[in-house]
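J.: What follows is work.txt; its format and atoms are compact mmCIF, C-alpha atoms and all ligand atoms.
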```txt
# COMPACT_ATOMS: atom_id res chain seq x y z
CA MET F 107 13.58 -22.50 -0.47
CA LYS F 108 15.18 -19.17 -1.23
CA VAL F 109 14.26 -16.24 1.06
CA CYS F 110 15.40 -12.64 1.45
CA VAL F 111 16.32 -11.86 5.04
CA TYR F 112 17.49 -8.84 7.02
CA GLU F 113 19.04 -9.37 10.43
CA ARG F 114 19.48 -5.70 11.36
CA TYR F 115 17.70 -2.48 10.49
CA GLY F 116 19.31 -0.26 7.87
CA SER F 117 19.89 0.50 4.19
CA PRO F 118 19.09 -2.03 1.41
CA GLU F 119 22.57 -3.51 1.94
CA VAL F 120 21.30 -5.33 5.07
CA LEU F 121 19.32 -7.67 2.77
CA GLN F 122 20.66 -11.14 1.96
CA LEU F 123 19.33 -14.08 -0.05
CA LYS F 124 19.49 -17.31 1.95
CA GLU F 125 18.26 -20.90 1.88
CA MET F 126 15.66 -21.89 4.48
CA GLU F 127 13.42 -24.91 5.14
CA LYS F 128 10.21 -24.82 3.11
CA PRO F 129 7.31 -24.28 5.58
CA ILE F 130 4.75 -27.02 6.25
CA PRO F 131 1.12 -25.82 6.40
CA LYS F 132 -0.74 -26.26 9.71
CA GLY F 133 -4.27 -27.69 9.68
CA ASN F 134 -5.94 -24.41 8.69
CA GLU F 135 -3.20 -23.17 6.33
CA ALA F 136 -2.41 -23.27 2.62
CA LEU F 137 1.19 -23.43 1.33
CA ILE F 138 1.58 -20.97 -1.55
CA LYS F 139 4.28 -21.21 -4.19
CA ILE F 140 4.94 -17.50 -4.71
CA ARG F 141 5.10 -16.28 -8.31
CA ALA F 142 5.28 -12.57 -7.54
CA THR F 143 5.66 -10.27 -4.56
CA THR F 144 6.26 -6.53 -4.16
CA VAL F 145 8.58 -4.10 -2.42
CA THR F 146 6.41 -1.35 -0.90
CA SER F 147 6.89 1.81 1.12
CA GLY F 148 5.96 -0.41 4.09
CA ASP F 149 9.00 -2.63 3.48
CA TRP F 150 11.18 0.48 3.30
CA ARG F 151 9.78 1.82 6.59
CA VAL F 152 10.17 -1.46 8.49
CA ARG F 153 13.62 -2.27 7.07
CA SER F 154 15.09 1.22 7.69
CA LEU F 155 13.01 2.33 10.69
CA ASN F 156 12.75 5.62 8.83
CA VAL F 157 9.28 6.36 10.20
CA PRO F 158 7.03 9.40 10.73
CA ALA F 159 7.75 11.60 13.78
CA GLY F 160 6.98 9.91 17.10
CA PHE F 161 6.73 6.32 15.77
CA GLY F 162 10.37 5.17 16.25
CA LEU F 163 9.84 3.48 19.63
CA ILE F 164 6.45 2.01 18.68
CA MET F 165 7.96 0.46 15.53
CA ARG F 166 10.78 -1.15 17.55
CA LEU F 167 8.27 -2.52 20.07
CA VAL F 168 6.20 -4.04 17.24
CA PHE F 169 8.96 -5.24 14.88
CA GLY F 170 11.82 -5.96 17.33
CA VAL F 171 13.70 -3.73 19.74
CA SER F 172 17.35 -4.32 18.79
CA LYS F 173 16.85 -6.42 15.64
CA PRO F 174 13.92 -7.58 13.49
CA LYS F 175 11.76 -10.33 15.05
CA GLN F 176 10.51 -11.33 11.58
CA PRO F 177 13.61 -11.43 9.32
CA ILE F 178 11.60 -11.77 6.09
CA LEU F 179 9.97 -8.62 4.71
CA GLY F 180 7.18 -8.45 2.09
CA THR F 181 3.46 -7.90 2.61
CA GLU F 182 1.97 -8.98 -0.72
CA LEU F 183 2.10 -12.12 -2.83
CA ALA F 184 0.45 -13.91 -5.72
CA GLY F 185 0.98 -17.58 -6.48
CA VAL F 186 -0.40 -21.10 -6.62
CA ILE F 187 -1.53 -23.25 -3.70
CA GLU F 188 0.83 -26.22 -3.54
CA SER F 189 -0.64 -28.03 -0.52
CA VAL F 190 -3.28 -27.48 2.17
CA GLY F 191 -3.72 -28.48 5.81
CA LYS F 192 -6.35 -31.06 6.75
CA ASP F 193 -8.95 -28.49 7.87
CA VAL F 194 -8.80 -26.20 4.82
CA ARG F 195 -12.17 -25.99 3.01
CA ARG F 196 -12.17 -22.69 1.11
CA PHE F 197 -9.11 -23.31 -1.09
CA LYS F 198 -7.64 -26.32 -2.89
CA VAL F 199 -4.34 -27.37 -4.42
CA GLY F 200 -3.80 -25.58 -7.74
CA ASP F 201 -5.86 -22.48 -6.86
CA GLN F 202 -4.26 -19.26 -8.10
CA VAL F 203 -4.43 -16.78 -5.19
CA PHE F 204 -3.16 -13.44 -3.96
CA ALA F 205 -2.68 -12.51 -0.32
CA PHE F 206 -1.77 -9.67 2.04
CA SER F 207 0.23 -10.55 5.14
CA ASP F 208 0.34 -6.92 6.40
CA ALA F 209 2.58 -6.43 9.47
CA ALA F 210 3.24 -10.20 9.75
CA MET F 211 5.21 -9.85 6.47
CA GLY F 212 7.16 -12.90 5.20
CA CYS F 213 6.31 -12.65 1.46
CA HIS F 214 9.89 -12.16 0.21
CA ALA F 215 10.30 -15.92 -0.10
CA GLU F 216 9.65 -18.69 -2.59
CA TYR F 217 6.89 -20.16 -0.38
CA LYS F 218 4.61 -18.92 2.37
CA CYS F 219 1.80 -20.41 4.45
CA MET F 220 -1.38 -18.38 4.90
CA PRO F 221 -4.37 -19.30 7.12
CA GLU F 222 -7.43 -19.93 4.95
CA ASP F 223 -9.39 -17.29 6.86
CA GLY F 224 -6.58 -14.73 6.49
CA ALA F 225 -6.36 -11.94 3.90
CA MET F 226 -6.24 -14.25 0.87
CA ALA F 227 -8.49 -14.48 -2.21
CA LEU F 228 -8.62 -16.10 -5.63
CA LYS F 229 -6.56 -14.22 -8.22
CA PRO F 230 -8.71 -12.40 -10.80
CA LEU F 231 -8.37 -14.35 -14.05
CA ASN F 232 -7.63 -11.25 -16.12
CA LEU F 233 -4.64 -10.19 -14.00
CA THR F 234 -1.12 -11.58 -14.23
CA TYR F 235 0.61 -12.77 -11.06
CA ASP F 236 2.64 -9.53 -11.14
CA GLU F 237 -0.52 -7.43 -11.16
CA ALA F 238 -2.33 -9.55 -8.56
CA ALA F 239 0.64 -9.30 -6.19
CA ALA F 240 0.27 -5.50 -6.33
CA LEU F 241 -3.48 -5.41 -5.60
CA SER F 242 -3.46 -5.29 -1.82
CA PHE F 243 -1.09 -2.77 -0.22
CA GLY F 244 -2.30 0.39 -1.97
CA GLY F 245 -5.79 -0.99 -2.58
CA THR F 246 -6.62 -1.92 1.01
CA THR F 247 -5.05 1.28 2.36
CA ALA F 248 -7.12 3.49 0.05
CA LEU F 249 -10.29 1.45 0.73
CA ASP F 250 -9.83 1.61 4.49
CA PHE F 251 -9.27 5.38 4.51
CA PHE F 252 -12.24 6.02 2.19
CA LYS F 253 -14.46 3.89 4.46
CA ARG F 254 -13.31 5.68 7.61
CA GLY F 255 -13.62 9.04 5.82
CA LYS F 256 -17.16 8.11 4.63
CA LEU F 257 -16.53 9.11 1.02
CA GLN F 258 -19.83 9.61 -0.84
CA SER F 259 -20.66 9.56 -4.54
CA GLY F 260 -20.63 13.06 -6.02
CA GLU F 261 -18.06 14.41 -3.54
CA SER F 262 -14.84 16.14 -4.58
CA VAL F 263 -11.60 14.40 -3.59
CA LEU F 264 -8.05 15.69 -3.83
CA ILE F 265 -5.29 13.09 -3.65
CA ASN F 266 -1.88 14.51 -2.73
CA GLY F 267 0.77 12.01 -3.86
CA ALA F 268 -1.51 10.55 -6.55
CA SER F 269 1.23 8.66 -8.40
CA GLY F 270 2.51 6.35 -5.63
CA GLY F 271 1.37 2.90 -4.55
CA VAL F 272 -1.47 4.23 -2.40
CA GLY F 273 -2.19 7.23 -4.64
CA THR F 274 -2.69 5.25 -7.87
CA ALA F 275 -5.13 2.96 -6.05
CA ALA F 276 -6.90 5.89 -4.37
CA VAL F 277 -7.46 7.72 -7.68
CA GLN F 278 -9.05 4.63 -9.26
CA LEU F 279 -11.18 3.76 -6.23
CA ALA F 280 -12.40 7.34 -5.66
CA LYS F 281 -13.41 7.52 -9.31
CA HIS F 282 -15.19 4.17 -9.00
CA PHE F 283 -17.09 5.47 -5.94
CA GLY F 284 -18.40 8.36 -8.05
CA ALA F 285 -16.16 11.14 -6.72
CA GLU F 286 -14.69 13.95 -8.79
CA VAL F 287 -10.97 13.40 -8.45
CA THR F 288 -8.10 15.88 -8.44
CA GLY F 289 -4.62 14.37 -8.33
CA VAL F 290 -1.46 16.14 -7.16
CA CYS F 291 1.87 14.82 -8.48
CA SER F 292 5.09 15.82 -10.24
CA THR F 293 5.15 16.93 -13.89
CA ALA F 294 6.35 13.53 -15.11
CA ASN F 295 3.36 11.69 -13.62
CA MET F 296 0.51 13.96 -14.73
CA GLU F 297 -0.53 11.84 -17.73
CA LEU F 298 -0.47 8.66 -15.63
CA VAL F 299 -2.73 10.17 -12.96
CA LYS F 300 -5.14 11.48 -15.60
CA SER F 301 -5.27 8.06 -17.26
CA LEU F 302 -6.35 6.52 -13.92
CA GLY F 303 -9.48 8.69 -13.78
CA ALA F 304 -8.50 12.06 -12.30
CA SER F 305 -10.55 14.89 -13.83
CA HIS F 306 -7.97 17.49 -12.75
CA VAL F 307 -4.24 17.12 -12.14
CA ILE F 308 -2.09 19.63 -10.26
CA ASP F 309 1.68 19.70 -10.71
CA TYR F 310 2.99 20.37 -7.22
CA ALA F 311 6.15 21.97 -8.61
CA LYS F 312 4.05 24.67 -10.31
CA GLU F 313 1.01 25.12 -8.08
CA ASP F 314 0.30 24.87 -4.34
CA PHE F 315 -3.20 23.41 -4.01
CA THR F 316 -3.54 24.89 -0.52
CA ARG F 317 -3.36 28.40 -2.01
CA ASN F 318 -5.45 28.19 -5.18
CA GLY F 319 -8.82 28.90 -3.51
CA GLU F 320 -10.38 25.49 -4.37
CA THR F 321 -12.09 23.45 -1.64
CA TYR F 322 -12.73 19.69 -1.41
CA ASP F 323 -14.97 17.33 0.55
CA VAL F 324 -12.07 14.94 1.07
CA ILE F 325 -8.29 15.43 0.92
CA VAL F 326 -6.08 12.34 0.96
CA ASP F 327 -2.45 13.01 1.91
CA THR F 328 -0.06 10.18 1.01
CA ALA F 329 2.95 12.48 0.68
CA GLY F 330 2.99 14.05 4.15
CA THR F 331 3.08 17.58 2.72
CA ALA F 332 -0.54 18.49 3.47
CA PRO F 333 -1.00 18.42 7.27
CA PHE F 334 -4.17 20.01 8.71
CA SER F 335 -2.36 23.28 9.39
CA ARG F 336 -1.73 23.66 5.63
CA SER F 337 -4.82 22.04 4.13
CA LYS F 338 -7.64 23.19 6.48
CA ASP F 339 -8.68 26.09 4.22
CA SER F 340 -8.87 23.69 1.24
CA LEU F 341 -11.47 21.54 3.06
CA LYS F 342 -15.18 22.29 2.80
CA GLU F 343 -17.14 22.92 6.05
CA SER F 344 -17.67 19.19 6.69
CA GLY F 345 -14.48 18.15 4.88
CA ARG F 346 -12.31 15.21 5.92
CA LEU F 347 -8.51 15.06 5.79
CA LEU F 348 -7.37 11.45 5.32
CA MET F 349 -3.76 11.39 6.54
CA VAL F 350 -2.33 8.19 5.12
CA LEU F 351 1.06 9.53 6.16
CA ALA F 352 0.93 11.18 9.59
CA GLY F 353 3.26 11.59 12.53
CA LEU F 354 2.13 11.46 16.17
CA PRO F 355 2.12 15.30 16.46
CA ASP F 356 -0.34 15.43 13.50
CA MET F 357 -2.61 12.99 15.32
CA LEU F 358 -2.83 15.23 18.39
CA TRP F 359 -4.96 17.58 16.29
CA ILE F 360 -7.69 14.95 15.72
CA PRO F 361 -9.90 15.52 18.82
CA TRP F 362 -9.34 19.28 18.75
CA VAL F 363 -10.44 19.57 15.09
CA SER F 364 -13.57 17.44 15.71
CA MET F 365 -14.53 19.50 18.77
CA THR F 366 -14.01 22.92 17.24
CA SER F 367 -15.21 22.51 13.63
CA GLY F 368 -17.29 20.40 11.26
CA LYS F 369 -14.05 19.11 9.76
CA LYS F 370 -12.45 15.79 10.61
CA ILE F 371 -9.00 14.16 10.44
CA VAL F 372 -8.66 10.42 9.83
CA ALA F 373 -5.22 8.85 10.51
CA GLY F 374 -3.54 5.70 11.84
CA PRO F 375 -2.72 2.32 10.32
CA ALA F 376 -5.03 0.88 7.68
CA THR F 377 -6.23 -2.71 7.91
CA GLY F 378 -6.59 -5.15 5.02
CA ARG F 379 -9.19 -7.89 5.47
CA ALA F 380 -10.12 -10.89 3.32
CA ASP F 381 -13.39 -9.12 2.39
CA ASP F 382 -11.43 -6.15 1.07
CA LEU F 383 -9.23 -8.44 -1.04
CA ARG F 384 -12.28 -10.15 -2.51
CA TYR F 385 -13.80 -6.74 -3.25
CA LEU F 386 -10.61 -5.52 -4.98
CA ALA F 387 -10.48 -8.78 -6.96
CA GLU F 388 -14.10 -8.25 -8.12
CA LEU F 389 -13.30 -4.70 -9.23
CA ALA F 390 -10.19 -5.92 -11.07
CA GLN F 391 -12.15 -8.75 -12.70
CA ALA F 392 -14.72 -6.17 -13.90
CA GLY F 393 -11.95 -3.97 -15.33
CA LYS F 394 -12.57 -1.20 -12.78
CA PHE F 395 -9.28 -1.39 -10.87
CA ARG F 396 -5.83 -2.32 -12.14
CA PRO F 397 -2.61 -1.98 -10.16
CA VAL F 398 -0.01 0.25 -11.83
CA ILE F 399 3.35 -1.47 -12.18
CA ASP F 400 6.38 0.78 -12.44
CA ARG F 401 9.27 -1.71 -12.44
CA ARG F 402 9.81 -5.45 -12.22
CA TYR F 403 12.90 -7.09 -10.68
CA SER F 404 13.98 -10.72 -10.31
CA PHE F 405 14.33 -12.14 -6.77
CA GLU F 406 18.12 -11.92 -7.17
CA GLN F 407 17.76 -8.14 -7.79
CA ILE F 408 15.65 -7.45 -4.69
CA THR F 409 18.27 -5.18 -3.08
CA GLU F 410 18.16 -3.05 -6.22
CA ALA F 411 14.34 -2.95 -5.97
CA HIS F 412 14.59 -1.69 -2.36
CA ARG F 413 17.04 1.03 -3.46
CA TYR F 414 14.47 2.26 -5.98
CA VAL F 415 11.56 2.14 -3.51
CA ASP F 416 13.72 4.06 -0.99
CA THR F 417 13.74 7.06 -3.37
CA GLY F 418 10.05 7.68 -2.49
CA ARG F 419 9.43 8.43 -6.20
CA LYS F 420 8.08 5.14 -7.57
CA LYS F 421 5.01 5.20 -9.78
CA GLY F 422 2.49 2.74 -8.39
CA ASN F 423 4.12 -0.56 -7.55
CA VAL F 424 7.46 -2.37 -7.73
CA VAL F 425 7.14 -6.11 -8.34
CA ILE F 426 9.55 -8.98 -7.70
CA THR F 427 8.97 -11.94 -10.03
CA LEU F 428 9.99 -15.38 -8.83
CA GLY F 429 11.08 -17.82 -11.49
CA HIS F 430 11.56 -20.95 -9.33
CA ASP F 431 13.96 -23.55 -10.69
CA ASP F 432 11.41 -26.09 -11.88
N1 LIG H 1 -1.48 4.69 7.30
C1 LIG H 1 -1.22 3.55 6.70
O1 LIG H 1 -1.73 2.48 7.08
C2 LIG H 1 -0.31 3.52 5.50
C3 LIG H 1 -0.44 2.49 4.57
C4 LIG H 1 0.36 2.51 3.44
C5 LIG H 1 1.30 3.53 3.27
N2 LIG H 1 1.43 4.49 4.22
C6 LIG H 1 2.39 5.59 4.05
O2 LIG H 1 1.92 6.38 2.97
C7 LIG H 1 3.00 6.94 2.26
C8 LIG H 1 2.79 6.72 0.78
O3 LIG H 1 2.89 5.34 0.50
P1 LIG H 1 3.08 4.84 -0.99
O4 LIG H 1 3.20 3.38 -0.92
O5 LIG H 1 2.06 5.43 -1.87
O6 LIG H 1 4.51 5.50 -1.33
P2 LIG H 1 5.24 5.61 -2.74
O7 LIG H 1 4.69 4.58 -3.65
O8 LIG H 1 6.69 5.65 -2.47
O9 LIG H 1 4.76 7.00 -3.34
C9 LIG H 1 5.12 8.19 -2.83
C10 LIG H 1 4.61 9.23 -3.83
O10 LIG H 1 4.73 10.52 -3.23
C11 LIG H 1 4.86 11.44 -4.28
N3 LIG H 1 5.42 12.70 -3.80
C12 LIG H 1 6.68 12.94 -3.36
N4 LIG H 1 6.78 14.25 -2.99
C13 LIG H 1 5.54 14.80 -3.19
C14 LIG H 1 4.99 16.11 -2.98
N5 LIG H 1 5.74 17.11 -2.50
N6 LIG H 1 3.70 16.33 -3.29
C15 LIG H 1 2.93 15.33 -3.78
N7 LIG H 1 3.40 14.07 -4.02
C16 LIG H 1 4.69 13.83 -3.71
C17 LIG H 1 5.73 10.75 -5.31
O11 LIG H 1 5.31 11.18 -6.58
P3 LIG H 1 6.20 12.06 -7.57
O12 LIG H 1 7.34 11.19 -8.04
O13 LIG H 1 5.23 12.44 -8.65
O14 LIG H 1 6.70 13.21 -6.76
C18 LIG H 1 5.41 9.27 -5.11
O15 LIG H 1 4.60 8.80 -6.17
C19 LIG H 1 4.27 6.28 2.82
O16 LIG H 1 4.94 7.21 3.61
C20 LIG H 1 3.76 5.11 3.64
O17 LIG H 1 4.61 4.88 4.75
C21 LIG H 1 0.63 4.51 5.32
```
In structure tokens, how does this file's structure come out?
Ligand SMILES: NC(=O)c1ccc[n+]([C@@H]2O[C@H](COP(=O)([O-])OP(=O)(O)OC[C@H]3O[C@@H](n4cnc5c(N)ncnc54)[C@H](OP(=O)(O)O)[C@@H]3O)[C@@H](O)[C@H]2O)c1
T.:
Amino acid sequence: MKVCVYERYGSPEVLQLKEMEKPIPKGNEALIKIRATTVTSGDWRVRSLNVPAGFGLIMRLVFGVSKPKQPILGTELAGVIESVGKDVRRFKVGDQVFAFSDAAMGCHAEYKCMPEDGAMALKPLNLTYDEAAALSFGGTTALDFFKRGKLQSGESVLINGASGGVGTAAVQLAKHFGAEVTGVCSTANMELVKSLGASHVIDYAKEDFTRNGETYDVIVDTAGTAPFSRSKDSLKESGRLLMVLAGLPDMLWIPWVSMTSGKKIVAGPATGRADDLRYLAELAQAGKFRPVIDRRYSFEQITEAHRYVDTGRKKGNVVITLGHDD
């Protein structure tokens, strides 16, 4: 099978397409023929080791000190189950599925094995493989932060970086949970963010939301430009700052803020579980959540896709479609 590998950390030029043995599923695994995968901000971070302040050493310890332990990037996939191990009960050959491999990665390949109790679910029938591949990364991140931040119906939420992979999911999910949503993005993305359910949109080039006198129950920062020091006065008395993008120095504030005020900071890595994938699939099936796709690339163009993701300016998701030869 064809795979995209990187054998050292660096720019998109470290990526190479190679041939590798097709994996054989273990007893509890399904072998998925991948129809679509994505290149996310997570792939950019792990490939380049361009990470928030204080995380450089931790990332090397997790992903490989001098070179990557897992040479295949990619956290999301959608495809068809081609074969299953002898103990698999929940899925069968021919099922159309989507999956999230998170830090284990390995989705930039023509085939991948997933354990049946891993983060894998049936693909919603009304989504294409391209859309289903883009359900998990932004969707599970936004869900996890909203759960930890205890978002309630009727609350006001501001999403800074509303047009990215996490932001476009967060706008839709916050709206679905009954929040009044304000999105912050660049001029070019204002219509997109409004179309996803934001009641108000702020163009960050023209207005600084931390200085306009408005306050919110929840602020989600996916852009890294709204640390507590800047956004504290924009939070209500019991407001929560959900720092999707945070460096270690930002995290040092967490206990101090909880001890000295009614406000709270939530940070750290999000987790994506099978339950969350099934929930996102239900919402998608009901027409309440749809991943935004900015660009599609073929597998052969994956280096180009990384270059675009590296700009930090994508709108929603970047998808890689796999044609397969048959
Ligand atoms: N904690 C976790 O578990 C976790 C999980 C997933 C992602 N992340 C992190 O979260 C960040 C966002 O991820 P993503 O996948 O959404 O990235 P992305 O798709 O690349 O989106 C980044 C967005 O930031 C916006 N942006 C850039 N400058 C901005 C500014 N000054 N003010 C407001 N928005 C601005 C861009 O919109 P415009 O083009 O409109 O400027 C772009 O849409 C990444 O750094 C990623 O590493 C963390």
J.: Closest to Thr321 in chain F among F:Asp208, F:Asp309, F:Asp236, F:Asp339, using all atoms listed in the file?
T.: F:Asp339
J.: Write as a ChimeraX atom specification the residues around ligand LIG 1 (chain H), taking 7 Å as the cut-off and counting all atoms listed in the file.
T.: /F:146-148,151,243-244,247,266-273,290-295,310,328-329,331,350-351,373-377,415,418-423
J.: One decimal, Å: what's the distance from CA of Glu222 in chain F over to CA of Leu428 in chain F, could you say?
T.: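 That distance, rounded to one decimal, is 22.7 Å.
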J.: Counting all atoms listed in the file, what is within 10 Å of Thr246 in chain F, bar same-chain residues fewer than 6 positions away, as a ChimeraX atom specification?
T.: /F:206,252,272,275-276,376-383,385-386
J.: Name the closest residue to Tyr322 in chain F among the candidates F:Lys369, F:Arg114, F:Arg166, F:Lys281; distances are taken between atoms, counting only C-alpha atoms.
T.: F:Lys369
J.: Pick out the closest residue to Leu233 in chain F from this set: F:Thr144, F:Thr366, F:Thr409, F:Gln391. Count only C-alpha atoms.
T.: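 Closest residue, counting only C-alpha atoms: F:Gln391.
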J.: Which of these, F:Asp250, F:Glu135, F:Asp400, F:Glu261, has the shortest distance to Ala285 in chain F once you count all atoms listed in the file?
T.: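 Among the listed residues, the smallest separation from Ala285 in chain F belongs to F:Glu261.
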J.: What does the distance between CA of Glu410 in chain F and CA of Thr143 in chain F come to in Å, to one decimal place?
T.: 14.5 Å
J.: What is the CA of Val190 in chain F to CA of Pro230 in chain F distance in Å?
T.: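 Here the two named atoms are 20.6 Å from each other.
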J.: Using all atoms listed in the file, what residues lie at most 10 Å away from (17.0, -12.2, 12.6) (file coordinates), given as a list in words?
T.: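 Collected hits near the coordinates: Val111, Tyr112, Glu113, Arg114, Tyr115, Gly170, Lys173, Pro174, Lys175, Gln176, Pro177 and Ile178 of chain F.
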J.: Kindly provide, as a short mmCIF file (atom, residue, chain, number, x, y, z; two decimals) with C-alpha atoms, in the frame of the given file, the polymer residues lying within 9 Å of (-3.5, -17.5, -6.1), counting all atoms listed in the file and using the coordinates exactly as they appear in the file.
T.:
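Output contents, as saved in part04.cif:
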```cif
data_model
loop_
_atom_site.label_atom_id
_atom_site.label_comp_id
_atom_site.auth_asym_id
_atom_site.auth_seq_id
_atom_site.Cartn_x
_atom_site.Cartn_y
_atom_site.Cartn_z
CA ILE F 138 1.58 -20.97 -1.55
CA LYS F 139 4.28 -21.21 -4.19
CA ILE F 140 4.94 -17.50 -4.71
CA ARG F 141 5.10 -16.28 -8.31
CA LEU F 183 2.10 -12.12 -2.83
CA ALA F 184 0.45 -13.91 -5.72
CA GLY F 185 0.98 -17.58 -6.48
CA VAL F 186 -0.40 -21.10 -6.62
CA ILE F 187 -1.53 -23.25 -3.70
CA GLY F 200 -3.80 -25.58 -7.74
CA ASP F 201 -5.86 -22.48 -6.86
CA GLN F 202 -4.26 -19.26 -8.10
CA VAL F 203 -4.43 -16.78 -5.19
CA PHE F 204 -3.16 -13.44 -3.96
CA ALA F 205 -2.68 -12.51 -0.32
CA MET F 226 -6.24 -14.25 0.87
CA ALA F 227 -8.49 -14.48 -2.21
CA LEU F 228 -8.62 -16.10 -5.63
CA LYS F 229 -6.56 -14.22 -8.22
CA PRO F 230 -8.71 -12.40 -10.80
CA TYR F 235 0.61 -12.77 -11.06
CA ALA F 238 -2.33 -9.55 -8.56
#
```
J.: My list of candidates is F:His306, F:Arg413, F:His282, F:Lys370. Which is closest to Phe395 in chain F when distances are computed with all atoms listed in the file?
T.: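 Closest to Phe395 in chain F, using all atoms listed in the file: F:His282.
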J.: Edge lengths and centre in Å to one decimal, as AutoDock Vina command-line options, of the axis-aligned box that encloses all listed atoms of range 176-195 of chain F with 8 Å added on every side?
T.:
```
--center_x 0.7 --center_y -19.5 --center_z 2.5 --size_x 41.8 --size_y 39.2 --size_z 34.2
```
J.: Find the residues near Ser189 in chain F: any atom within 7 Å, counting only C-alpha atoms, skip ones fewer than 5 places away on the same chain, and give them as a short mmCIF file (atom, residue, chain, number, x, y, z; two decimals) with C-alpha atoms, keeping the file's coordinate frame.
T.:
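And here's out01.cif as it stands now:
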```
data_model
loop_
_atom_site.label_atom_id
_atom_site.label_comp_id
_atom_site.auth_asym_id
_atom_site.auth_seq_id
_atom_site.Cartn_x
_atom_site.Cartn_y
_atom_site.Cartn_z
CA ALA F 136 -2.41 -23.27 2.62
CA LEU F 137 1.19 -23.43 1.33
CA VAL F 199 -4.34 -27.37 -4.42
#
```
J.: From the list F:Asn134, F:Asn156, F:Ser262, F:Ser340, which residue is nearest Gly191 in chain F when using all atoms listed in the file?
T.: F:Asn134
J.: Residues near Ser301 in chain F, anyone? I mean within 10 Å using all atoms listed in the file, not counting same-chain ones fewer than 5 positions away, as a VMD selection string.
T.: chain F and resid 277 to 278 296
